[in-house]
file model_10.cif (mmCIF, C-alpha atoms and all ligand atoms)
data_protein
#
loop_
_atom_site.group_PDB
_atom_site.id
_atom_site.type_symbol
_atom_site.label_atom_id
_atom_site.label_comp_id
_atom_site.auth_asym_id
_atom_site.auth_seq_id
_atom_site.Cartn_x
_atom_site.Cartn_y
_atom_site.Cartn_z
ATOM 1 C CA MET A 1 -12.053 23.699 -17.272
ATOM 2 C CA TYR A 2 -9.122 24.548 -15.082
ATOM 3 C CA THR A 3 -10.685 26.786 -12.528
ATOM 4 C CA TRP A 4 -9.339 28.019 -9.220
ATOM 5 C CA ASN A 5 -11.874 27.740 -6.418
ATOM 6 C CA ASP A 6 -12.029 28.751 -2.755
ATOM 7 C CA ASP A 7 -10.849 25.319 -1.620
ATOM 8 C CA TYR A 8 -7.451 26.279 -3.018
ATOM 9 C CA SER A 9 -7.195 29.491 -1.038
ATOM 10 C CA VAL A 10 -4.079 29.797 1.143
ATOM 11 C CA ASN A 11 -5.624 32.879 2.766
ATOM 12 C CA VAL A 12 -2.785 35.126 1.589
ATOM 13 C CA SER A 13 -4.176 37.332 -1.159
ATOM 14 C CA VAL A 14 -0.966 37.902 -3.127
ATOM 15 C CA CYS A 15 -0.417 34.127 -3.378
ATOM 16 C CA ASP A 16 -4.052 33.402 -4.176
ATOM 17 C CA LYS A 17 -3.888 35.921 -7.029
ATOM 18 C CA GLU A 18 -0.787 34.275 -8.460
ATOM 19 C CA HIS A 19 -2.337 30.808 -8.122
ATOM 20 C CA GLN A 20 -5.462 32.106 -9.889
ATOM 21 C CA LYS A 21 -3.315 33.315 -12.768
ATOM 22 C CA LEU A 22 -1.666 29.889 -13.001
ATOM 23 C CA PHE A 23 -5.100 28.299 -13.334
ATOM 24 C CA ARG A 24 -6.083 30.838 -16.002
ATOM 25 C CA LEU A 25 -2.935 29.967 -17.938
ATOM 26 C CA MET A 26 -3.707 26.245 -17.629
ATOM 27 C CA ASP A 27 -7.177 26.960 -18.968
ATOM 28 C CA GLU A 28 -5.669 28.864 -21.913
ATOM 29 C CA LEU A 29 -3.325 25.965 -22.520
ATOM 30 C CA ALA A 30 -6.266 23.542 -22.577
ATOM 31 C CA GLY A 31 -7.988 25.810 -25.120
ATOM 32 C CA SER A 32 -4.867 25.948 -27.289
ATOM 33 C CA ILE A 33 -4.639 22.157 -27.322
ATOM 34 C CA ASN A 34 -8.306 21.732 -28.207
ATOM 35 C CA ASN A 35 -8.047 24.227 -31.035
ATOM 36 C CA VAL A 36 -4.718 22.808 -32.178
ATOM 37 C CA LYS A 37 -3.181 26.244 -32.464
ATOM 38 C CA SER A 38 0.372 25.039 -32.308
ATOM 39 C CA GLU A 39 2.119 28.417 -32.056
ATOM 40 C CA LEU A 40 -0.206 29.505 -29.309
ATOM 41 C CA LEU A 41 0.324 26.159 -27.604
ATOM 42 C CA ALA A 42 4.087 26.570 -27.382
ATOM 43 C CA HIS A 43 3.714 30.194 -26.329
ATOM 44 C CA THR A 44 1.259 29.325 -23.553
ATOM 45 C CA ILE A 45 3.389 26.462 -22.240
ATOM 46 C CA TYR A 46 6.423 28.710 -21.991
ATOM 47 C CA GLU A 47 4.397 31.513 -20.438
ATOM 48 C CA LEU A 48 2.980 29.132 -17.860
ATOM 49 C CA ILE A 49 6.364 27.710 -16.943
ATOM 50 C CA SER A 50 7.889 31.151 -16.724
ATOM 51 C CA TYR A 51 5.046 32.455 -14.561
ATOM 52 C CA ALA A 52 5.258 29.403 -12.285
ATOM 53 C CA SER A 53 8.937 30.158 -11.761
ATOM 54 C CA GLU A 54 8.177 33.804 -10.978
ATOM 55 C CA HIS A 55 5.489 32.711 -8.533
ATOM 56 C CA PHE A 56 7.883 30.322 -6.745
ATOM 57 C CA THR A 57 10.427 33.121 -6.323
ATOM 58 C CA ASN A 58 7.798 35.480 -4.885
ATOM 59 C CA GLU A 59 6.407 32.828 -2.567
ATOM 60 C CA GLU A 60 9.856 31.774 -1.345
ATOM 61 C CA GLN A 61 10.785 35.419 -0.645
ATOM 62 C CA LEU A 62 7.606 35.899 1.356
ATOM 63 C CA MET A 63 8.366 32.781 3.415
ATOM 64 C CA GLU A 64 12.009 33.754 3.819
ATOM 65 C CA ILE A 65 11.423 37.263 5.137
ATOM 66 C CA ASN A 66 8.973 35.789 7.629
ATOM 67 C CA ASP A 67 11.340 33.007 8.775
ATOM 68 C CA TYR A 68 8.906 30.301 7.750
ATOM 69 C CA PRO A 69 10.284 27.106 9.334
ATOM 70 C CA ALA A 70 9.369 24.744 6.464
ATOM 71 C CA LEU A 71 10.943 26.945 3.776
ATOM 72 C CA GLU A 72 13.723 24.542 2.770
ATOM 73 C CA GLN A 73 11.376 21.590 2.205
ATOM 74 C CA HIS A 74 8.992 23.862 0.325
ATOM 75 C CA LYS A 75 11.818 25.065 -1.931
ATOM 76 C CA LYS A 76 12.769 21.435 -2.639
ATOM 77 C CA ASP A 77 9.217 20.778 -3.858
ATOM 78 C CA HIS A 78 9.452 23.791 -6.186
ATOM 79 C CA ASP A 79 12.870 22.627 -7.428
ATOM 80 C CA LYS A 80 11.590 19.113 -8.171
ATOM 81 C CA PHE A 81 8.763 20.619 -10.185
ATOM 82 C CA LYS A 82 11.195 22.816 -12.154
ATOM 83 C CA GLU A 83 13.385 19.802 -12.967
ATOM 84 C CA ARG A 84 10.422 17.730 -14.127
ATOM 85 C CA ILE A 85 8.982 20.528 -16.236
ATOM 86 C CA GLN A 86 12.383 21.086 -17.817
ATOM 87 C CA ASP A 87 12.248 17.479 -19.103
ATOM 88 C CA PHE A 88 8.971 18.321 -20.828
ATOM 89 C CA VAL A 89 10.400 21.487 -22.352
ATOM 90 C CA VAL A 90 13.359 19.610 -23.818
ATOM 91 C CA LYS A 91 11.020 17.086 -25.471
ATOM 92 C CA PHE A 92 8.378 19.569 -26.594
ATOM 93 C CA SER A 93 7.869 20.711 -30.138
ATOM 94 C CA ASP A 94 5.020 22.828 -31.504
ATOM 95 C CA ASP A 95 3.088 19.980 -33.064
ATOM 96 C CA ASN A 96 3.328 17.612 -30.136
ATOM 97 C CA GLU A 97 -0.258 17.608 -28.968
ATOM 98 C CA ALA A 98 0.039 14.384 -26.957
ATOM 99 C CA LEU A 99 2.933 15.779 -24.966
ATOM 100 C CA ALA A 100 1.063 19.049 -24.435
ATOM 101 C CA ASN A 101 -1.810 17.070 -22.908
ATOM 102 C CA GLU A 102 0.655 15.229 -20.705
ATOM 103 C CA VAL A 103 2.210 18.531 -19.573
ATOM 104 C CA LEU A 104 -1.198 19.981 -18.813
ATOM 105 C CA GLU A 105 -2.257 16.952 -16.791
ATOM 106 C CA TYR A 106 1.004 17.057 -14.884
ATOM 107 C CA LEU A 107 0.643 20.794 -14.207
ATOM 108 C CA ARG A 108 -2.901 20.516 -12.991
ATOM 109 C CA ASN A 109 -2.207 17.567 -10.683
ATOM 110 C CA TRP A 110 0.970 19.114 -9.379
ATOM 111 C CA PHE A 111 -0.556 22.515 -8.635
ATOM 112 C CA VAL A 112 -3.706 21.164 -7.016
ATOM 113 C CA ASN A 113 -1.703 18.770 -4.805
ATOM 114 C CA HIS A 114 0.976 21.328 -4.017
ATOM 115 C CA ILE A 115 -1.401 24.169 -3.187
ATOM 116 C CA ILE A 116 -3.615 21.984 -1.004
ATOM 117 C CA GLY A 117 -0.887 19.864 0.586
ATOM 118 C CA VAL A 118 2.030 22.301 0.900
ATOM 119 C CA ASP A 119 1.139 25.946 0.203
ATOM 120 C CA LYS A 120 -1.871 25.937 2.487
ATOM 121 C CA LYS A 121 0.421 25.226 5.450
ATOM 122 C CA TYR A 122 2.061 28.659 5.327
ATOM 123 C CA GLY A 123 -1.328 30.434 5.444
ATOM 124 C CA PRO A 124 -1.921 30.318 9.215
ATOM 125 C CA TYR A 125 1.765 31.052 9.908
ATOM 126 C CA LEU A 126 1.734 34.184 7.757
ATOM 127 C CA ASN A 127 -1.725 35.205 8.989
ATOM 128 C CA GLU A 128 -0.375 35.230 12.560
ATOM 129 C CA ARG A 129 2.226 37.730 11.351
ATOM 130 C CA GLY A 130 -0.421 39.995 9.893
ATOM 131 C CA ILE A 131 -0.100 38.856 6.266
ATOM 132 C CA THR A 132 -3.451 38.078 4.685
HETATM 133 FE FE1 LIG B 201 2.314 28.342 -4.728
HETATM 134 FE FE2 LIG B 201 4.582 26.642 -3.391
HETATM 135 O O1 LIG B 201 3.743 27.247 -4.883
#

call {"tool": "encode", "arguments": {"input": "model_10.cif", "output": "C-alpha cells"}}
result
Amino acid sequence: MYTWNDDYSVNVSVCDKEHQKLFRLMDELAGSINNVKSELLAHTIYELISYASEHFTNEEQLMEINDYPALEQHKKDHDKFKERIQDFVVKFSDDNEALANEVLEYLRNWFVNHIIGVDKKYGPYLNERGIT
C-alpha cells in the first residue's frame, strides 16, 4: 500500500492534497502492476509523471510568490527528479513489468524523502505568511 499519512503533512493544505493524490496514483500503479494490466500500467505511469510535474509547478509558484529563500535549490531537486523519470519513460514499454516496479520503487522513495526532507521546510515559512 502506498498511503499518505500525517507524518508527510507539510501543513499547507493545497500541497498536502496534491501529495495525497500522488500517493493515490502510486497505489493505482502498484495495483496495475499486480494485475498485469499493461495498458492501465502505461496510462497510470504517464498520469503520475504528468501530475507530479503539475504539482511541482504549483508548488514552485507558491514558493515564488512568497519569496521563499530556498526556492532555487528546491527547483533543482524537482528538475533532477524530472530528468531521472524521463530516463524511465524512454525505456518503458507496456509489457515491462520489472521496469514498472523499478519506477514505482523510485517514485515512492523519492516522494517520501523529498516531502519529509525538503517540502516540509517550506511549511513553517508559509504558515508565518498566513498560508495553511
Ligand atoms: Fe511536493 Fe517539492 O514537491

call {"tool": "residues_near_point", "arguments": {"input": "model_10.cif", "point": "(-2.0, 28.0, 4.3)", "cutoff": "12 Å", "atoms": "all atoms listed in the file", "output": "MDAnalysis selection string"}}
result
chainID A and resid 7:13 15:16 59 63 68 114:128 131:132

call {"tool": "closest_residue", "arguments": {"input": "model_10.cif", "among": "A:Ser53, A:Asn34, A:Asn96, A:Asn113", "to": "A:Glu83", "atoms": "only C-alpha atoms"}}
result
A:Ser53

call {"tool": "resolve_selection", "arguments": {"input": "model_10.cif", "expression": "the PyMOL selection byres (((chain A and resi 2) around 6) and not hetatm)", "output": "list of chain:residue names"}}
result
A:Met1, A:Thr3, A:Phe23, A:Asp27

call {"tool": "closest_residue", "arguments": {"input": "model_10.cif", "among": "A:His74, A:Ile65, A:Lys82, A:Phe88", "to": "A:Leu104", "atoms": "all atoms listed in the file"}}
result
A:Phe88

call {"tool": "residues_around", "arguments": {"input": "model_10.cif", "residues": "A:Thr44", "least_positions_apart": "3", "cutoff": "9 Å", "atoms": "all atoms listed in the file", "output": "JSON, numbers by chain"}}
result
{"A": [25, 26, 28, 29, 32, 39, 40, 41, 47, 48, 49]}

call {"tool": "axis_aligned_box", "arguments": {"input": "model_10.cif", "around": "stretch 77-87 of chain A", "padding_each_side": "8 Å", "output": "JSON"}}
result
{"center_x": 11.1, "center_y": 20.6, "center_z": -11.5, "size_x": 20.6, "size_y": 22.3, "size_z": 31.2}

call {"tool": "closest_residue", "arguments": {"input": "model_10.cif", "among": "A:Lys91, A:Arg108, A:Arg84, A:Lys75", "to": "ligand LIG 201 (chain B)", "atoms": "all atoms listed in the file"}}
result
A:Lys75

call {"tool": "atom_distance", "arguments": {"input": "model_10.cif", "atom1": "atom CA of A:Ala52", "atom2": "atom CA of A:Leu22"}}
result
7.0 Å
